[in-house]
$ cat structure-v4.cif   # mmCIF, C-alpha atoms
data_model
loop_
_atom_site.label_atom_id
_atom_site.label_comp_id
_atom_site.auth_asym_id
_atom_site.auth_seq_id
_atom_site.Cartn_x
_atom_site.Cartn_y
_atom_site.Cartn_z
CA MET A 1 0.00 0.00 0.00
CA ASP A 2 2.88 2.37 0.75
CA TRP A 3 4.34 1.73 -2.72
CA LEU A 4 0.91 2.40 -4.25
CA GLU A 5 0.57 5.66 -2.28
CA ASP A 6 4.04 6.77 -3.42
CA GLN A 7 3.20 6.12 -7.06
CA LEU A 8 -0.15 7.93 -6.78
CA ASP A 9 1.51 10.88 -5.07
CA LYS A 10 3.96 11.12 -7.97
CA LEU A 11 1.02 11.40 -10.35
CA LYS A 12 -0.30 14.44 -8.39
CA ILE A 13 -3.72 12.86 -7.96
CA GLY A 14 -4.89 15.76 -5.77
CA ALA A 15 -4.61 18.18 -8.69
CA PHE A 16 -7.72 16.69 -10.36
CA GLY A 17 -10.26 17.55 -7.64
CA LEU A 18 -12.17 15.02 -5.58
CA LYS A 19 -14.15 13.57 -8.48
CA GLY A 20 -11.13 13.47 -10.75
CA SER A 21 -8.98 11.94 -8.02
CA LEU A 22 -11.54 9.21 -7.36
CA PHE A 23 -11.76 8.43 -11.10
CA MET A 24 -7.96 8.27 -11.42
CA ILE A 25 -7.64 5.99 -8.37
CA MET A 26 -10.36 3.69 -9.70
CA THR A 27 -8.82 3.55 -13.18
CA ILE A 28 -5.28 2.89 -11.97
CA GLY A 29 -6.54 0.34 -9.45
CA LEU A 30 -8.56 -1.59 -12.02
CA ILE A 31 -5.57 -1.71 -14.34
CA LEU A 32 -3.42 -3.09 -11.52
CA VAL A 33 -6.12 -5.64 -10.63
CA LEU A 34 -6.29 -6.76 -14.25
CA LEU A 35 -2.51 -7.11 -14.52
CA ALA A 36 -2.32 -9.05 -11.24
CA TRP A 37 -5.11 -11.37 -12.34
CA VAL A 38 -3.51 -11.95 -15.77
CA PHE A 39 -0.22 -12.80 -14.02
CA THR A 40 -2.05 -15.18 -11.66
CA VAL A 41 -3.89 -16.84 -14.55
CA SER A 42 -0.66 -17.34 -16.50
CA LEU A 43 0.96 -19.07 -13.51
CA ILE A 44 -2.05 -21.30 -12.89
CA VAL A 45 -2.33 -22.27 -16.58
CA SER A 46 1.38 -23.11 -16.61
CA TRP A 47 1.02 -25.39 -13.59
CA GLU A 48 -2.16 -26.99 -14.90
CA ARG A 49 -0.59 -27.75 -18.31
CA LEU A 50 2.48 -29.08 -16.58
CA ILE A 51 0.32 -31.44 -14.49
CA ILE A 52 -1.60 -32.83 -17.48
CA MET A 53 1.57 -32.65 -19.71
CA ASP A 54 0.01 -30.50 -22.41
CA GLN A 55 2.83 -29.62 -24.87
CA GLN A 56 0.72 -27.72 -27.43
CA ARG A 57 2.07 -24.28 -28.41
CA LEU A 58 -0.44 -21.51 -27.71
CA SER A 59 -0.73 -17.85 -28.54
CA THR A 60 -0.97 -15.31 -25.71
CA TRP A 61 -4.74 -15.04 -25.90
CA GLU A 62 -5.15 -18.83 -26.19
CA TYR A 63 -2.83 -19.22 -23.24
CA LEU A 64 -4.91 -16.95 -21.02
CA THR A 65 -8.23 -18.46 -22.08
CA TRP A 66 -6.99 -22.08 -21.94
CA GLN A 67 -9.22 -24.46 -19.98
CA PRO A 68 -8.31 -27.96 -18.75
CA PRO A 69 -10.32 -30.83 -20.32
CA LEU A 70 -13.58 -31.45 -18.50
CA THR A 71 -12.72 -35.13 -17.79
CA VAL A 72 -9.40 -34.13 -16.21
CA LEU A 73 -11.07 -31.38 -14.18
CA LYS A 74 -13.57 -33.86 -12.70
CA GLN A 75 -10.94 -36.44 -11.79
CA ASN A 76 -8.01 -34.24 -10.58
CA ILE A 77 -8.59 -32.39 -7.29
CA VAL A 78 -5.40 -30.35 -7.73
CA ILE A 79 -6.67 -29.00 -11.04
CA GLN A 80 -9.98 -28.18 -9.35
CA ARG A 81 -8.20 -26.15 -6.68
CA PHE A 82 -6.12 -24.34 -9.29
CA GLU A 83 -9.30 -23.45 -11.17
CA PHE A 84 -10.84 -22.14 -7.95
CA VAL A 85 -7.80 -19.92 -7.36
CA ARG A 86 -7.84 -18.88 -11.02
CA TRP A 87 -11.32 -17.37 -10.83
CA GLY A 88 -11.44 -16.65 -7.13
CA SER A 89 -8.30 -14.52 -7.37
CA LEU A 90 -10.19 -12.03 -9.52
CA VAL A 91 -12.74 -11.55 -6.75
CA GLY A 92 -9.99 -11.40 -4.16
CA TYR A 93 -8.03 -8.78 -6.09
CA LEU A 94 -11.18 -6.68 -6.55
CA VAL A 95 -11.98 -6.81 -2.83
CA LEU A 96 -8.39 -5.93 -1.93
CA TYR A 97 -8.40 -3.14 -4.49
CA CYS A 98 -11.62 -1.65 -3.09
CA ARG A 99 -10.18 -1.77 0.41
CA LEU A 100 -6.86 -0.15 -0.48
CA ALA A 101 -8.32 2.42 -2.91
CA SER A 102 -11.01 3.56 -0.49
CA ALA A 103 -8.51 3.77 2.37
CA PHE A 104 -6.09 5.78 0.21
CA PHE A 105 -8.79 8.13 -1.06
CA VAL A 106 -10.29 8.78 2.37
CA GLU A 107 -6.92 9.14 4.10
CA ASN A 108 -5.20 11.37 1.54
CA GLN A 109 -7.99 13.20 -0.25
CA VAL A 110 -10.50 13.63 2.59
CA MET A 111 -9.05 13.12 6.07
CA GLN A 112 -5.79 15.05 5.62
CA PRO A 113 -7.55 18.26 4.45
CA ILE A 114 -10.21 17.86 7.15
CA ILE A 115 -7.55 17.44 9.86
CA ALA A 116 -5.63 20.47 8.55
CA ILE A 117 -8.80 22.57 8.44
CA SER A 118 -9.90 21.32 11.87
CA ASP A 119 -6.52 22.22 13.39
CA GLY A 120 -6.69 25.66 11.78
CA VAL A 121 -10.22 26.26 13.06
CA GLU A 122 -9.14 25.25 16.59
CA GLN A 123 -6.33 27.82 16.41
CA ILE A 124 -8.81 30.46 15.29
CA LYS A 125 -11.18 29.50 18.13
CA SER A 126 -8.33 29.92 20.61
CA GLY A 127 -7.67 33.44 19.29
CA ASP A 128 -4.54 32.59 17.28
CA PHE A 129 -5.05 34.27 13.89
CA GLY A 130 -1.40 34.22 12.82
CA HIS A 131 -1.27 30.75 11.26
CA PRO A 132 -2.85 30.30 7.83
CA ILE A 133 -4.30 26.96 6.72
CA TYR A 134 -2.45 25.49 3.76
CA ALA A 135 -4.33 23.47 1.14
CA ILE A 136 -2.84 20.00 0.65
CA ASN A 137 -4.47 19.34 -2.71
CA LYS A 138 -5.93 21.50 -5.44
CA ASP A 139 -9.48 20.30 -4.98
CA GLU A 140 -12.75 21.44 -3.41
CA PHE A 141 -11.05 21.62 -0.02
CA GLN A 142 -8.68 24.27 -1.38
CA SER A 143 -11.61 26.63 -1.99
CA LEU A 144 -12.88 25.95 1.55
CA THR A 145 -9.40 26.58 2.94
CA GLU A 146 -9.12 29.90 1.10
CA GLN A 147 -12.49 31.01 2.46
CA ILE A 148 -11.48 30.09 6.02
CA ASN A 149 -8.20 31.99 5.57
CA GLU A 150 -10.13 35.05 4.40
CA MET A 151 -12.36 34.74 7.46
CA ARG A 152 -9.24 34.40 9.64
CA ILE A 153 -7.78 37.62 8.21
CA GLN A 154 -11.07 39.45 8.72
CA LEU A 155 -11.29 38.21 12.31
CA LYS A 156 -7.67 39.25 12.88
CA ASP A 157 -8.34 42.73 11.52
CA SER A 158 -11.52 43.00 13.61
CA GLN A 159 -9.67 41.90 16.74
CA GLU A 160 -6.92 44.45 16.11
CA GLN A 161 -9.49 47.18 15.54
CA ILE A 162 -11.35 46.24 18.73
CA HIS A 163 -8.07 46.19 20.65
CA GLN A 164 -7.09 49.57 19.24
CA LEU A 165 -10.52 50.99 20.03
CA HIS A 166 -10.21 49.65 23.56
CA ILE A 167 -6.83 51.33 23.98
CA GLU A 168 -8.12 54.60 22.53
CA GLN A 169 -11.21 54.43 24.73
CA LYS A 170 -9.04 53.97 27.82
CA LYS A 171 -6.95 56.97 26.81
CA ILE A 172 -10.06 59.05 26.16
CA ASN A 173 -11.56 58.05 29.49
CA ALA A 174 -8.34 58.90 31.29
CA ALA A 175 -8.12 62.28 29.58
CA PHE A 176 -11.79 63.09 30.20
CA SER A 177 -11.40 62.03 33.84
CA HIS A 178 -8.58 64.52 34.13
CA ASP A 179 -10.70 67.18 32.43
CA LEU A 180 -13.58 66.50 34.80
CA ARG A 181 -11.45 66.48 37.92
CA THR A 182 -10.01 69.95 37.44
CA PRO A 183 -13.25 71.98 37.01
CA LEU A 184 -15.02 69.94 39.70
CA THR A 185 -12.18 70.64 42.14
CA VAL A 186 -12.30 74.35 41.36
CA ILE A 187 -16.10 74.45 41.80
CA GLN A 188 -15.92 72.49 45.05
CA ASN A 189 -13.16 74.72 46.50
CA ASN A 190 -15.02 77.93 45.67
CA VAL A 191 -18.33 76.58 47.01
CA GLU A 192 -16.61 75.64 50.28
CA LEU A 193 -14.97 79.07 50.39
CA ILE A 194 -18.33 80.82 50.00
CA GLU A 195 -20.04 78.53 52.54
CA THR A 196 -17.31 79.19 55.10
CA TYR A 197 -16.76 82.94 54.85
CA TYR A 198 -19.80 84.57 53.19
CA PRO A 199 -22.41 83.82 55.92
CA THR A 200 -20.15 85.39 58.58
CA GLY A 201 -19.48 88.48 56.48
CA GLN A 202 -15.78 87.69 56.16
CA MET A 203 -15.91 87.62 52.33
CA ALA A 204 -15.93 90.87 50.43
CA ASP A 205 -18.28 91.29 47.49
CA ASP A 206 -15.44 91.41 44.98
CA LEU A 207 -14.08 88.08 46.27
CA LEU A 208 -17.58 86.64 46.12
CA TYR A 209 -18.02 87.73 42.52
CA LYS A 210 -14.57 86.37 41.72
CA SER A 211 -15.46 82.94 43.20
CA LEU A 212 -18.80 82.91 41.39
CA GLY A 213 -16.99 83.77 38.15
CA LYS A 214 -14.66 80.80 38.62
CA ILE A 215 -17.65 78.55 39.27
CA GLN A 216 -19.38 79.84 36.12
CA SER A 217 -16.22 79.41 34.03
CA ASN A 218 -15.76 75.82 35.11
CA ILE A 219 -19.43 75.03 34.55
CA GLN A 220 -18.85 76.17 30.98
CA ARG A 221 -15.89 73.77 30.80
CA LEU A 222 -18.19 70.96 31.90
CA ASP A 223 -20.65 71.97 29.18
CA ALA A 224 -17.79 71.78 26.69
CA PHE A 225 -17.00 68.32 28.02
CA SER A 226 -20.60 67.25 27.37
CA ALA A 227 -20.44 68.68 23.84
CA THR A 228 -17.20 66.76 23.28
CA MET A 229 -18.81 63.47 24.21
CA LYS A 230 -21.71 64.18 21.86
CA SER A 231 -19.31 65.08 19.03
CA ILE A 232 -17.50 61.75 19.35
CA GLN A 233 -20.78 59.85 19.20
CA LYS A 234 -21.91 61.85 16.15
CA ILE A 235 -18.73 60.95 14.30
CA ASP A 236 -19.44 57.24 14.77
CA ASP A 237 -23.03 57.69 13.55
CA PHE A 238 -22.12 59.91 10.59
CA GLU A 239 -23.17 58.50 7.20
CA VAL A 240 -21.61 59.49 3.90
CA HIS A 241 -24.11 60.67 1.27
CA MET A 242 -22.52 60.86 -2.17
CA SER A 243 -24.20 63.01 -4.82
CA ARG A 244 -23.04 63.79 -8.35
CA ASN A 245 -22.01 67.44 -8.68
CA SER A 246 -19.45 69.55 -10.44
CA LEU A 247 -16.23 70.08 -8.50
CA SER A 248 -16.74 73.79 -9.11
CA ASP A 249 -19.50 73.67 -6.45
CA LEU A 250 -16.88 72.55 -3.94
CA VAL A 251 -14.60 75.42 -4.98
CA GLU A 252 -17.38 77.98 -4.50
CA ASN A 253 -18.23 76.63 -1.04
CA ILE A 254 -14.58 76.79 -0.01
CA ARG A 255 -14.32 80.40 -1.20
CA ASP A 256 -17.46 81.32 0.75
CA LEU A 257 -16.07 79.75 3.93
CA LEU A 258 -12.76 81.59 3.48
CA LYS A 259 -14.69 84.88 3.33
CA THR A 260 -16.59 83.90 6.48
CA PHE A 261 -13.24 83.53 8.26
CA GLY A 262 -12.10 86.89 6.94
CA LEU A 263 -9.66 85.48 4.37
CA GLU A 264 -9.16 86.74 0.82
CA ASP A 265 -9.61 84.70 -2.37
CA SER A 266 -5.84 84.87 -2.81
CA ALA A 267 -5.50 82.44 0.11
CA LEU A 268 -6.91 79.70 -2.14
CA ARG A 269 -4.76 77.99 -4.78
CA LEU A 270 -6.34 75.58 -7.30
CA SER A 271 -4.70 72.80 -9.28
CA GLY A 272 -6.58 70.63 -11.79
CA ASN A 273 -9.78 70.70 -13.81
CA PHE A 274 -12.70 71.47 -11.46
CA SER A 275 -15.35 71.48 -14.17
CA VAL A 276 -15.64 67.70 -14.14
CA LEU A 277 -18.58 65.88 -12.57
CA ALA A 278 -18.02 63.47 -9.67
CA ALA A 279 -19.94 61.90 -6.82
CA TYR A 280 -18.84 63.18 -3.41
CA ASP A 281 -20.25 64.33 -0.07
CA LEU A 282 -20.03 68.12 -0.19
CA TYR A 283 -21.22 68.54 3.41
CA LEU A 284 -18.59 66.11 4.73
CA ILE A 285 -15.72 67.73 2.84
CA MET A 286 -16.78 71.19 4.00
CA GLU A 287 -17.06 69.93 7.58
CA VAL A 288 -13.48 68.68 7.36
CA PHE A 289 -12.29 71.91 5.77
CA GLU A 290 -14.00 74.03 8.44
CA ASN A 291 -12.30 72.04 11.19
CA LEU A 292 -8.90 72.37 9.51
CA LEU A 293 -9.44 76.08 8.92
CA THR A 294 -10.54 76.64 12.52
CA ASN A 295 -7.42 74.87 13.76
CA ALA A 296 -5.18 76.89 11.43
CA MET A 297 -6.80 80.18 12.48
CA ARG A 298 -6.12 79.33 16.11
CA TYR A 299 -2.38 78.87 15.65
CA LYS A 300 -1.50 81.13 12.70
CA LYS A 301 0.64 84.22 13.12
CA GLN A 302 -0.34 86.20 10.05
CA CYS A 303 -1.57 84.17 7.08
CA ILE A 304 -3.12 80.91 5.95
CA GLU A 305 -2.68 79.17 2.60
CA VAL A 306 -5.26 76.74 1.22
CA THR A 307 -4.54 74.47 -1.76
CA LEU A 308 -7.21 72.39 -3.51
CA GLU A 309 -5.89 69.87 -6.02
CA TYR A 310 -7.77 67.43 -8.24
CA GLN A 311 -6.12 64.24 -9.50
CA ASN A 312 -8.61 61.66 -10.76
CA PRO A 313 -10.11 60.10 -8.68
CA TYR A 314 -8.95 62.07 -5.63
CA ILE A 315 -9.32 65.55 -4.16
CA PHE A 316 -6.35 66.83 -2.15
CA LEU A 317 -6.98 69.60 0.38
CA PHE A 318 -3.99 71.32 2.03
CA VAL A 319 -4.31 73.90 4.82
CA LYS A 320 -1.07 75.62 5.87
CA ASP A 321 -0.54 78.22 8.59
CA ASP A 322 2.56 80.22 9.49
CA GLY A 323 2.54 79.32 13.17
CA ASN A 324 5.07 77.31 15.13
CA GLY A 325 4.10 74.03 13.46
CA PHE A 326 3.70 70.62 15.06
CA SER A 327 6.12 69.17 17.56
CA LYS A 328 7.34 65.60 17.13
CA GLY A 329 4.73 64.33 19.57
CA GLU A 330 1.97 66.39 17.99
CA LEU A 331 2.65 64.90 14.55
CA THR A 332 1.64 61.47 15.86
CA SER A 333 -0.95 62.44 18.48
CA ALA A 334 -2.71 65.61 17.34
CA THR A 335 -5.59 63.67 15.72
CA LEU A 336 -6.38 61.78 18.94
CA PRO A 337 -9.56 62.98 20.68
CA TYR A 338 -7.88 63.66 24.00
CA PHE A 339 -5.06 65.74 22.53
CA SER A 340 -4.81 69.53 22.43
CA LYS A 341 -1.97 72.03 22.32
CA SER A 342 -3.57 73.88 25.19
CA LYS A 343 -2.53 72.52 28.56
CA GLU A 344 -5.63 73.97 30.17
CA ASN A 345 -8.18 72.59 27.77
CA HIS A 346 -8.39 69.13 26.24
CA PHE A 347 -11.60 69.70 24.28
CA GLY A 348 -10.09 70.46 20.86
CA LEU A 349 -11.59 67.84 18.56
CA GLY A 350 -11.12 69.60 15.22
CA LEU A 351 -8.39 67.32 13.87
CA THR A 352 -10.04 64.24 15.39
CA ILE A 353 -13.32 64.95 13.61
CA ALA A 354 -11.51 65.81 10.38
CA SER A 355 -9.49 62.58 10.46
CA SER A 356 -12.53 60.37 11.13
CA LEU A 357 -14.68 62.03 8.45
CA THR A 358 -11.87 61.87 5.89
CA GLU A 359 -11.51 58.13 6.44
CA LYS A 360 -15.27 57.70 6.00
CA HIS A 361 -14.89 59.35 2.56
CA GLY A 362 -12.24 56.79 1.53
CA GLY A 363 -9.31 59.09 2.29
CA VAL A 364 -6.73 59.90 4.91
CA LEU A 365 -5.61 62.89 6.96
CA LYS A 366 -1.90 63.65 7.31
CA LEU A 367 0.03 66.14 9.46
CA ALA A 368 3.33 67.74 8.50
CA ASN A 369 5.45 70.83 9.00
CA GLY A 370 6.40 73.39 6.36
CA ALA A 371 9.91 73.62 4.97
CA GLU A 372 10.54 76.85 6.90
CA ASN A 373 7.74 77.18 9.44
CA GLY A 374 4.08 76.50 10.05
CA ALA A 375 1.91 73.42 10.11
CA ILE A 376 0.41 71.67 7.08
CA VAL A 377 -2.66 69.46 7.34
CA SER A 378 -3.61 67.51 4.21
CA ALA A 379 -6.89 65.68 3.64
CA VAL A 380 -7.41 63.28 0.73
CA PHE A 381 -10.93 62.35 -0.42
CA GLN A 382 -11.77 59.61 -2.90
CA LEU A 383 -14.32 60.54 -5.58
CA ASN A 384 -16.68 58.31 -7.50
CA MET A 385 -16.20 59.23 -11.17
CA ARG A 386 -18.86 56.84 -12.56
#
$ encode --input "structure-v4.cif" --output "structure tokens"
Amino acid sequence: MDWLEDQLDKLKIGAFGLKGSLFMIMTIGLILVLLAWVFTVSLIVSWERLIIMDQQRLSTWEYLTWQPPLTVLKQNIVIQRFEFVRWGSLVGYLVLYCRLASAFFVENQVMQPIIAISDGVEQIKSGDFGHPIYAINKDEFQSLTEQINEMRIQLKDSQEQIHQLHIEQKKINAAFSHDLRTPLTVIQNNVELIETYYPTGQMADDLLYKSLGKIQSNIQRLDAFSATMKSIQKIDDFEVHMSRNSLSDLVENIRDLLKTFGLEDSALRLSGNFSVLAAYDLYLIMEVFENLLTNAMRYKKQCIEVTLEYQNPYIFLFVKDDGNGFSKGELTSATLPYFSKSKENHFGLGLTIASSLTEKHGGVLKLANGAENGAIVSAVFQLNMR
């Protein structure tokens, strides 16, 4: 059986699929059964002719179909036993062939792929997504293996995303806890101060108004905190609505927003043909641009430069200010929801919102510094040109 398996492996039986493999095994097996039976018949005929001393020369076909005389067959028990082996061997070879062929087919074409797939599924169940399942043969199991590997990759990506979201959520919670602690401490201290000194007349009116002002200011910070939480939830629920419009509509909206911020048309530089039609979410892109522009206005010294570039099928939006630019840490962290340049306020979500919305539009948001000074924020949006 081992020799038979080696020979079948050399023929690459698994490359024919399950049906093709079964047909090949059956064909090869039947040929081997026929050859073995022919060899057995030739030996038996030789012995039988030797026993009855038949010296007649026979052709190959006559030799294989030769039968002992009926009178000799009835009288000679040895000849009878030879004849039983002669025809019984065919049945025996067929039974042996069925046993070996079925065992080979099940073991190599069915059980080995099932064991490999089962082991791979167990690894996936245990949370190990780093080991792909390799197809042993090019048959129906290969397609199943490929589908399981695709599922494994998707599960791995989902697990990484969940893990990353968990880490980011922990960071956000830690930052928000810090943001909550400070205004609450200030409110509590001023309330205790008023409760202790105001009823006894030991607090002057100006100190009272000053304490009340601090309480009011920190209540506003708590309101900002609430708005921040709502903004994060809105980003997750935001849906992209693509509509087919001319890119010139986008240009006009950008110019209008620049005027709203008190900037001249000269602040906008265009590159590409904006008369083409494309499907995009105008509201989303303008929301991103407004956030970038607000951020640039906050940190600019004198001027802001906006560049809008069209390269099929993408829109590139660059917003550059002449401020101090991003630090090394800010280049990697400024888009995180808990990050802000201001040490007193962690509620700046402009870049966070812009980054999330850009990704929803099939693009990416990048941060960089200018060659001489200033910060550059670039947003890329994918258009549907069909």
$ atom_distance --input "structure-v4.cif" --atom1 "CA of Ser143 (chain A)" --atom2 "CA of Gln112 (chain A)"
15.0 Å
$ resolve_selection --input "structure-v4.cif" --expression "the PyMOL selection byres ((chain A and resi 29) around 12)" --output "ChimeraX atom specification"
/A:1,4-5,7-8,21-28,30-36,93-102,104-105
$ write_last_selection --input "structure-v4.cif" --atoms "C-alpha atoms" --output "compact mmCIF listing (two decimals), keeping the file's coordinate frame"
# COMPACT_ATOMS: atom_id res chain seq x y z
CA MET A 1 0.00 0.00 0.00
CA LEU A 4 0.91 2.40 -4.25
CA GLU A 5 0.57 5.66 -2.28
CA GLN A 7 3.20 6.12 -7.06
CA LEU A 8 -0.15 7.93 -6.78
CA SER A 21 -8.98 11.94 -8.02
CA LEU A 22 -11.54 9.21 -7.36
CA PHE A 23 -11.76 8.43 -11.10
CA MET A 24 -7.96 8.27 -11.42
CA ILE A 25 -7.64 5.99 -8.37
CA MET A 26 -10.36 3.69 -9.70
CA THR A 27 -8.82 3.55 -13.18
CA ILE A 28 -5.28 2.89 -11.97
CA LEU A 30 -8.56 -1.59 -12.02
CA ILE A 31 -5.57 -1.71 -14.34
CA LEU A 32 -3.42 -3.09 -11.52
CA VAL A 33 -6.12 -5.64 -10.63
CA LEU A 34 -6.29 -6.76 -14.25
CA LEU A 35 -2.51 -7.11 -14.52
CA ALA A 36 -2.32 -9.05 -11.24
CA TYR A 93 -8.03 -8.78 -6.09
CA LEU A 94 -11.18 -6.68 -6.55
CA VAL A 95 -11.98 -6.81 -2.83
CA LEU A 96 -8.39 -5.93 -1.93
CA TYR A 97 -8.40 -3.14 -4.49
CA CYS A 98 -11.62 -1.65 -3.09
CA ARG A 99 -10.18 -1.77 0.41
CA LEU A 100 -6.86 -0.15 -0.48
CA ALA A 101 -8.32 2.42 -2.91
CA SER A 102 -11.01 3.56 -0.49
CA PHE A 104 -6.09 5.78 0.21
CA PHE A 105 -8.79 8.13 -1.06
$ residues_around --input "structure-v4.cif" --residues "Ser217 (chain A)" --least-positions-apart "3" --cutoff "12 Å" --atoms "only C-alpha atoms" --output "compact mmCIF listing (two decimals) with C-alpha atoms, keeping the file's coordinate frame"
# COMPACT_ATOMS: atom_id res chain seq x y z
CA THR A 182 -10.01 69.95 37.44
CA PRO A 183 -13.25 71.98 37.01
CA LEU A 184 -15.02 69.94 39.70
CA VAL A 186 -12.30 74.35 41.36
CA ILE A 187 -16.10 74.45 41.80
CA ASN A 190 -15.02 77.93 45.67
CA LYS A 210 -14.57 86.37 41.72
CA SER A 211 -15.46 82.94 43.20
CA LEU A 212 -18.80 82.91 41.39
CA GLY A 213 -16.99 83.77 38.15
CA LYS A 214 -14.66 80.80 38.62
CA GLN A 220 -18.85 76.17 30.98
CA ARG A 221 -15.89 73.77 30.80
CA LEU A 222 -18.19 70.96 31.90
CA ASP A 223 -20.65 71.97 29.18
CA ALA A 224 -17.79 71.78 26.69
$ atom_distance --input "structure-v4.cif" --atom1 "CA of Phe318 (chain A)" --atom2 "CA of Gln164 (chain A)"
27.9 Å
$ residues_near_point --input "structure-v4.cif" --point "(-9.6, 37.8, 16.4)" --cutoff "10 Å" --atoms "all atoms listed in the file" --output "list in words"
Ile124, Lys125, Ser126, Gly127, Asp128, Phe129, Gly130, Met151, Arg152, Ile153, Gln154, Leu155, Lys156, Asp157, Ser158, Gln159, Glu160, Gln161, Ile162 and His163 of chain A
$ closest_residue --input "structure-v4.cif" --among "A:Asp54, A:Glu372, A:Glu146, A:Asp249" --to "Val72 (chain A)" --atoms "all atoms listed in the file"
A:Asp54
$ residues_around --input "structure-v4.cif" --residues "region 352-366 of chain A" --least-positions-apart "4" --cutoff "6 Å" --atoms "all atoms listed in the file" --output "MDAnalysis selection string"
chainID A and resid 288 335:337 377:382
$ resolve_selection --input "structure-v4.cif" --expression "the PyMOL selection byres ((chain A and resi 250) around 10)" --output "PyMOL selection string"
chain A and resi 245-249+251-256+274+280-283+285-286+308
$ atom_distance --input "structure-v4.cif" --atom1 "CA of Gly20 (chain A)" --atom2 "CA of Pro113 (chain A)"
16.3 Å
$ closest_residue --input "structure-v4.cif" --among "A:Asn373, A:Ser327, A:Ser266, A:Ser271" --to "Lys300 (chain A)" --atoms "only C-alpha atoms"
A:Asn373
$ resolve_selection --input "structure-v4.cif" --expression "the PyMOL selection byres ((chain A and resi 302) around 12)" --output "JSON list (two decimals) with C-alpha atoms, in the coordinates of the input"
[["chain", "number", "residue", "atom", "x", "y", "z"],
["A", 263, "LEU", "CA", -9.66, 85.48, 4.37],
["A", 267, "ALA", "CA", -5.50, 82.44, 0.11],
["A", 296, "ALA", "CA", -5.18, 76.89, 11.43],
["A", 297, "MET", "CA", -6.80, 80.18, 12.48],
["A", 298, "ARG", "CA", -6.12, 79.33, 16.11],
["A", 299, "TYR", "CA", -2.38, 78.87, 15.65],
["A", 300, "LYS", "CA", -1.50, 81.13, 12.70],
["A", 301, "LYS", "CA", 0.64, 84.22, 13.12],
["A", 303, "CYS", "CA", -1.57, 84.17, 7.08],
["A", 304, "ILE", "CA", -3.12, 80.91, 5.95],
["A", 305, "GLU", "CA", -2.68, 79.17, 2.60],
["A", 320, "LYS", "CA", -1.07, 75.62, 5.87],
["A", 321, "ASP", "CA", -0.54, 78.22, 8.59],
["A", 322, "ASP", "CA", 2.56, 80.22, 9.49],
["A", 323, "GLY", "CA", 2.54, 79.32, 13.17],
["A", 324, "ASN", "CA", 5.07, 77.31, 15.13],
["A", 374, "GLY", "CA", 4.08, 76.50, 10.05]]
$ closest_residue --input "structure-v4.cif" --among "A:Thr307, A:Asn369, A:Gln56, A:Ser118" --to "Leu331 (chain A)" --atoms "all atoms listed in the file"
A:Asn369
